[in-house]
>>> print(open('protein19.csv').read())   # CSV, C-alpha atoms and all ligand atoms
chain,number,residue,atom,x,y,z
A,1,GLU,CA,54.8,-43.6,-68.8
A,2,PHE,CA,57.8,-42.3,-66.9
A,3,GLY,CA,58.5,-45.8,-65.6
A,4,ILE,CA,58.1,-44.7,-62.0
A,5,SER,CA,56.8,-47.0,-59.3
A,6,PHE,CA,56.5,-46.3,-55.6
A,7,ASP,CA,58.2,-48.0,-52.7
A,8,VAL,CA,55.7,-46.1,-50.5
A,9,TYR,CA,53.1,-43.6,-51.2
A,10,SER,CA,51.9,-41.4,-48.3
A,11,ARG,CA,51.0,-37.9,-47.4
A,12,THR,CA,50.9,-35.6,-44.4
A,13,THR,CA,47.3,-36.5,-43.7
A,14,SER,CA,48.3,-40.0,-42.6
A,15,LYS,CA,48.0,-41.3,-39.1
A,16,THR,CA,51.8,-42.1,-39.0
A,17,HIS,CA,52.5,-38.5,-39.9
A,18,HIS,CA,50.1,-37.0,-37.3
A,19,GLU,CA,51.7,-39.1,-34.6
A,20,LEU,CA,55.3,-38.4,-35.6
A,21,ALA,CA,54.8,-34.6,-36.1
A,22,SER,CA,53.1,-34.5,-32.6
A,23,GLU,CA,56.0,-36.3,-31.1
A,24,PHE,CA,58.5,-33.8,-32.6
A,25,PHE,CA,56.4,-31.0,-31.0
A,26,LYS,CA,56.1,-32.8,-27.7
A,27,THR,CA,59.8,-33.5,-27.5
A,28,LEU,CA,60.8,-29.9,-28.1
A,29,TYR,CA,58.0,-28.7,-25.8
A,30,ASP,CA,59.1,-30.9,-22.9
A,31,LYS,CA,62.7,-29.8,-23.4
A,32,GLY,CA,61.6,-26.2,-23.0
A,33,GLU,CA,62.7,-25.3,-26.5
A,34,PHE,CA,59.7,-23.1,-27.4
A,35,ILE,CA,58.8,-19.6,-26.4
A,36,GLU,CA,55.2,-18.9,-25.6
A,37,LYS,CA,54.0,-15.5,-26.9
A,38,THR,CA,50.6,-13.8,-26.9
A,39,SER,CA,49.8,-11.4,-29.7
A,40,MET,CA,46.8,-9.6,-31.1
A,41,GLN,CA,45.4,-11.0,-34.4
A,42,TYR,CA,42.4,-10.3,-36.5
A,43,TYR,CA,39.4,-12.5,-35.7
A,44,ASP,CA,36.2,-12.9,-37.7
A,45,GLU,CA,33.3,-12.9,-35.2
A,46,GLU,CA,30.8,-14.2,-37.8
A,47,ALA,CA,32.9,-17.1,-39.0
A,48,HIS,CA,34.2,-17.7,-35.4
A,49,GLN,CA,37.9,-17.9,-36.5
A,50,PHE,CA,41.2,-16.2,-36.6
A,51,LEU,CA,42.1,-14.9,-40.0
A,52,ALA,CA,45.3,-15.7,-41.9
A,53,ASP,CA,46.9,-12.7,-43.6
A,54,ARG,CA,45.6,-13.8,-47.0
A,55,TYR,CA,42.0,-13.9,-45.7
A,56,ILE,CA,42.0,-10.2,-44.8
A,57,THR,CA,41.5,-7.7,-47.6
A,58,GLY,CA,41.2,-3.9,-47.6
A,59,GLU,CA,42.5,-0.7,-49.1
A,60,CYS,CA,46.3,-0.5,-49.7
A,61,PRO,CA,47.8,2.3,-47.5
A,62,HIS,CA,50.4,3.1,-50.3
A,63,CYS,CA,48.6,3.1,-53.6
A,64,HIS,CA,45.0,3.0,-52.2
A,65,ALA,CA,43.9,0.1,-54.4
A,66,GLU,CA,41.0,-1.8,-53.1
A,67,GLY,CA,41.3,-5.6,-52.5
A,68,ALA,CA,44.9,-5.6,-51.2
A,69,TYR,CA,45.7,-8.7,-49.1
A,70,GLY,CA,46.9,-8.7,-45.5
A,71,ASP,CA,50.4,-9.8,-46.6
A,72,GLN,CA,50.8,-7.9,-49.9
A,73,CYS,CA,49.2,-5.5,-52.3
A,74,GLU,CA,49.1,-7.1,-55.7
A,75,LYS,CA,48.7,-3.7,-57.4
A,76,CYS,CA,51.8,-2.0,-56.2
A,77,GLY,CA,53.7,-5.0,-54.8
A,78,THR,CA,54.3,-3.6,-51.3
A,79,SER,CA,54.6,-6.2,-48.5
A,80,LEU,CA,52.0,-5.4,-45.8
A,81,SER,CA,50.9,-6.7,-42.5
A,82,PRO,CA,47.1,-7.0,-41.9
A,83,THR,CA,47.0,-4.0,-39.5
A,84,ASP,CA,48.3,-1.7,-42.4
A,85,LEU,CA,45.1,-2.2,-44.4
A,86,ILE,CA,42.5,0.6,-44.4
A,87,ASN,CA,39.0,-0.7,-43.8
A,88,PRO,CA,40.0,-4.4,-43.4
A,89,LYS,CA,37.4,-7.0,-44.3
A,90,SER,CA,37.3,-10.7,-43.7
A,91,ALA,CA,37.4,-12.6,-47.0
A,92,ILE,CA,35.4,-15.4,-45.4
A,93,SER,CA,32.3,-13.6,-44.2
A,94,GLY,CA,32.8,-10.1,-45.5
A,95,SER,CA,32.5,-8.7,-42.0
A,96,GLN,CA,34.9,-6.3,-40.3
A,97,PRO,CA,37.4,-8.3,-38.2
A,98,VAL,CA,38.2,-7.4,-34.6
A,99,MET,CA,41.5,-7.7,-32.8
A,100,ARG,CA,41.7,-10.6,-30.4
A,101,GLU,CA,44.4,-12.0,-28.2
A,102,THR,CA,45.9,-15.4,-29.1
A,103,LYS,CA,48.7,-17.5,-27.7
A,104,HIS,CA,51.3,-19.3,-29.9
A,105,TRP,CA,54.5,-21.3,-29.5
A,106,TYR,CA,57.6,-20.0,-31.3
A,107,LEU,CA,60.8,-21.8,-32.1
A,108,PRO,CA,63.7,-19.4,-31.3
A,109,LEU,CA,65.6,-19.8,-34.5
A,110,ASP,CA,68.1,-17.1,-33.4
A,111,LYS,CA,69.2,-19.5,-30.6
A,112,HIS,CA,70.2,-22.0,-33.3
A,113,GLU,CA,71.9,-19.6,-35.6
A,114,GLY,CA,75.5,-20.7,-34.7
A,115,TRP,CA,75.2,-24.4,-35.7
A,116,LEU,CA,72.8,-23.7,-38.6
A,117,ARG,CA,75.3,-21.2,-40.1
A,118,GLU,CA,78.1,-23.8,-39.9
A,119,TRP,CA,75.9,-26.7,-41.1
A,120,ILE,CA,74.6,-24.8,-44.1
A,121,LEU,CA,77.3,-22.4,-45.1
A,122,GLU,CA,80.3,-24.6,-44.3
A,123,ASN,CA,79.0,-28.1,-44.8
A,124,HIS,CA,76.5,-27.8,-47.6
A,125,LYS,CA,78.3,-25.8,-50.3
A,126,GLU,CA,77.0,-28.3,-52.8
A,127,TRP,CA,73.4,-27.0,-52.5
A,128,ARG,CA,71.9,-25.3,-55.5
A,129,PRO,CA,73.2,-21.7,-55.6
A,130,ASN,CA,69.7,-20.1,-55.3
A,131,VAL,CA,68.9,-22.2,-52.2
A,132,TYR,CA,72.3,-21.7,-50.6
A,133,GLY,CA,72.0,-17.9,-51.4
A,134,GLN,CA,68.5,-17.7,-49.9
A,135,CYS,CA,69.6,-19.4,-46.7
A,136,LYS,CA,72.7,-17.2,-46.5
A,137,SER,CA,70.7,-14.0,-46.8
A,138,TRP,CA,68.3,-15.2,-44.0
A,139,LEU,CA,71.3,-16.0,-41.8
A,140,ASP,CA,73.0,-12.7,-42.6
A,141,MET,CA,69.9,-10.8,-41.7
A,142,GLY,CA,69.8,-12.6,-38.3
A,143,LEU,CA,67.2,-15.4,-37.6
A,144,GLN,CA,64.0,-14.6,-35.7
A,145,PRO,CA,61.8,-16.7,-33.5
A,146,ARG,CA,59.1,-18.2,-35.7
A,147,ALA,CA,55.6,-19.5,-34.7
A,148,VAL,CA,55.2,-23.2,-34.9
A,149,SER,CA,51.4,-23.1,-34.3
A,150,ARG,CA,48.4,-21.2,-35.6
A,151,ASP,CA,44.7,-20.9,-35.2
A,152,LEU,CA,42.9,-23.1,-37.7
A,153,ASP,CA,40.2,-25.7,-37.7
A,154,TRP,CA,42.2,-28.2,-39.8
A,155,GLY,CA,45.6,-29.6,-39.4
A,156,ILE,CA,47.5,-31.5,-36.7
A,157,PRO,CA,46.3,-30.3,-33.2
A,158,VAL,CA,49.0,-28.9,-30.9
A,159,PRO,CA,49.4,-31.8,-28.5
A,160,VAL,CA,49.4,-29.9,-25.2
A,161,GLU,CA,46.8,-28.7,-22.8
A,162,GLY,CA,45.2,-25.3,-23.3
A,163,ALA,CA,45.9,-25.5,-27.1
A,164,GLU,CA,42.3,-26.1,-28.3
A,165,GLY,CA,41.7,-24.8,-31.8
A,166,LYS,CA,45.4,-24.5,-32.5
A,167,VAL,CA,47.3,-26.7,-35.0
A,168,LEU,CA,50.9,-27.1,-36.0
A,169,TYR,CA,52.1,-24.5,-38.6
A,170,VAL,CA,52.7,-26.2,-41.9
A,171,TRP,CA,56.3,-25.1,-42.2
A,172,PHE,CA,56.9,-27.1,-39.0
A,173,ASP,CA,55.0,-30.2,-39.8
A,174,ALA,CA,55.4,-30.6,-43.6
A,175,PRO,CA,59.2,-31.3,-43.6
A,176,ILE,CA,58.6,-34.0,-41.0
A,177,GLY,CA,56.5,-35.6,-43.8
A,178,TYR,CA,59.8,-36.9,-45.3
A,179,ILE,CA,60.6,-38.6,-42.1
A,180,SER,CA,57.1,-40.1,-41.5
A,181,ASN,CA,57.1,-41.4,-45.1
A,182,THR,CA,60.4,-43.3,-44.4
A,183,LYS,CA,58.7,-44.6,-41.2
A,184,GLU,CA,56.0,-46.1,-43.3
A,185,LEU,CA,58.6,-47.6,-45.7
A,186,LEU,CA,61.0,-48.8,-43.0
A,187,PRO,CA,58.9,-49.3,-39.7
A,188,ASP,CA,61.8,-50.8,-37.8
A,189,SER,CA,64.9,-49.0,-39.2
A,190,TRP,CA,63.8,-45.5,-40.2
A,191,GLU,CA,65.4,-43.8,-37.3
A,192,THR,CA,68.8,-45.5,-37.7
A,193,TRP,CA,68.6,-44.7,-41.4
A,194,TRP,CA,68.0,-40.9,-40.8
A,195,LYS,CA,70.8,-40.8,-38.1
A,196,ASP,CA,73.4,-42.8,-40.0
A,197,PRO,CA,76.1,-40.4,-41.2
A,198,GLU,CA,76.6,-42.6,-44.2
A,199,THR,CA,73.0,-42.0,-45.4
A,200,ARG,CA,72.8,-40.0,-48.6
B,1,ZN,ZN,49.2,-0.9,-53.1
>>> encode(input="protein19.csv", output="structure tokens", more="lines below")
Ligand SMILES: [Zn+2]
Amino acid sequence: EFGISFDVYSRTTSKTHHELASEFFKTLYDKGEFIEKTSMQYYDEEAHQFLADRYITGECPHCHAEGAYGDQCEKCGTSLSPTDLINPKSAISGSQPVMRETKHWYLPLDKHEGWLREWILENHKEWRPNVYGQCKSWLDMGLQPRAVSRDLDWGIPVPVEGAEGKVLYVWFDAPIGYISNTKELLPDSWETWWKDPETR
């Protein structure tokens, strides 16, 4: 009804995307661009998995409402981290999670702040004001290393040895979806298309 047709229709579950996202990770990994960090995270011993912040609930330390999430209390709006919760529970099995050590790879965004600042704030003033403003506030606060992997049983496996049970974090792999889609549309010329300064 909108008169839309597709030149290509794909998604981030495609084989092309898995291969390309793995390649991006491998390239950065081989260049030594990542930092490896070990941290303690909540683990559900009944469900045998690490728990994302949203999968941990408990009592809010501020307003004492029950059922606050590991990232936020919906009742009082306070941002939380999972260790702030009183009597934390796994939303998957209902059991009490334990702290367990886990290793992840981080992209040191702070190391790239210089060129990002110039590329965004100087060269992309045409971006929508809310997007531009959000980026500017992150840059002004100072960028931090950000994990590009996490412990999950679905997603694109981290393509290095010793990374069993770890997948690429969605913020890292999803934007690569735009590139893997063009790779499906233009199998031979996608790379020149992306790198051509005349491309709009
Ligand atoms: Zn609260």
>>> closest_residue(input="protein19.csv", among="A:Ile35, A:Ala163, A:Val131, A:Cys73", to="ligand ZN 1 (chain B)", atoms="all atoms listed in the file")
A:Cys73
>>> closest_atom_pairs(input="protein19.csv", of="chain A", to="ligand ZN 1 (chain B)", cutoff="9 Å", atoms="only C-alpha atoms and all ligand atoms", output="tab-separated table")
residue	atom	partner	partner_atom	distance
A:Glu59	CA	B:ZN1	ZN	7.8
A:Cys60	CA	B:ZN1	ZN	4.5
A:Pro61	CA	B:ZN1	ZN	6.6
A:His62	CA	B:ZN1	ZN	5.0
A:Cys63	CA	B:ZN1	ZN	4.1
A:His64	CA	B:ZN1	ZN	5.8
A:Ala65	CA	B:ZN1	ZN	5.5
A:Glu66	CA	B:ZN1	ZN	8.2
A:Ala68	CA	B:ZN1	ZN	6.6
A:Gln72	CA	B:ZN1	ZN	7.9
A:Cys73	CA	B:ZN1	ZN	4.7
A:Glu74	CA	B:ZN1	ZN	6.7
A:Lys75	CA	B:ZN1	ZN	5.2
A:Cys76	CA	B:ZN1	ZN	4.2
A:Gly77	CA	B:ZN1	ZN	6.3
A:Thr78	CA	B:ZN1	ZN	6.0
A:Ser79	CA	B:ZN1	ZN	8.9
>>> write_last_selection(input="protein19.csv", atoms="C-alpha atoms", output="PDB file, keeping the file's coordinate frame")
ATOM      1  CA  GLU A  59      42.500  -0.700 -49.100  1.00  0.00           C
ATOM      2  CA  CYS A  60      46.300  -0.500 -49.700  1.00  0.00           C
ATOM      3  CA  PRO A  61      47.800   2.300 -47.500  1.00  0.00           C
ATOM      4  CA  HIS A  62      50.400   3.100 -50.300  1.00  0.00           C
ATOM      5  CA  CYS A  63      48.600   3.100 -53.600  1.00  0.00           C
ATOM      6  CA  HIS A  64      45.000   3.000 -52.200  1.00  0.00           C
ATOM      7  CA  ALA A  65      43.900   0.100 -54.400  1.00  0.00           C
ATOM      8  CA  GLU A  66      41.000  -1.800 -53.100  1.00  0.00           C
ATOM      9  CA  ALA A  68      44.900  -5.600 -51.200  1.00  0.00           C
ATOM     10  CA  GLN A  72      50.800  -7.900 -49.900  1.00  0.00           C
ATOM     11  CA  CYS A  73      49.200  -5.500 -52.300  1.00  0.00           C
ATOM     12  CA  GLU A  74      49.100  -7.100 -55.700  1.00  0.00           C
ATOM     13  CA  LYS A  75      48.700  -3.700 -57.400  1.00  0.00           C
ATOM     14  CA  CYS A  76      51.800  -2.000 -56.200  1.00  0.00           C
ATOM     15  CA  GLY A  77      53.700  -5.000 -54.800  1.00  0.00           C
ATOM     16  CA  THR A  78      54.300  -3.600 -51.300  1.00  0.00           C
ATOM     17  CA  SER A  79      54.600  -6.200 -48.500  1.00  0.00           C
TER      18      SER A  79
END
>>> residues_around(input="protein19.csv", residues="Lys15 of chain A", least_positions_apart="5", cutoff="12 Å", atoms="all atoms listed in the file", output="VMD selection string")
chain A and resid 10 20 to 22 155 to 156 177 180 to 181 183 to 184
>>> closest_residue(input="protein19.csv", among="A:Asp173, A:Asp110, A:Glu122, A:Glu164", to="Arg146 of chain A", atoms="all atoms listed in the file")
A:Asp110
>>> atom_distance(input="protein19.csv", atom1="atom CA of Ser90 of chain A", atom2="atom CA of Met40 of chain A")
15.8 Å
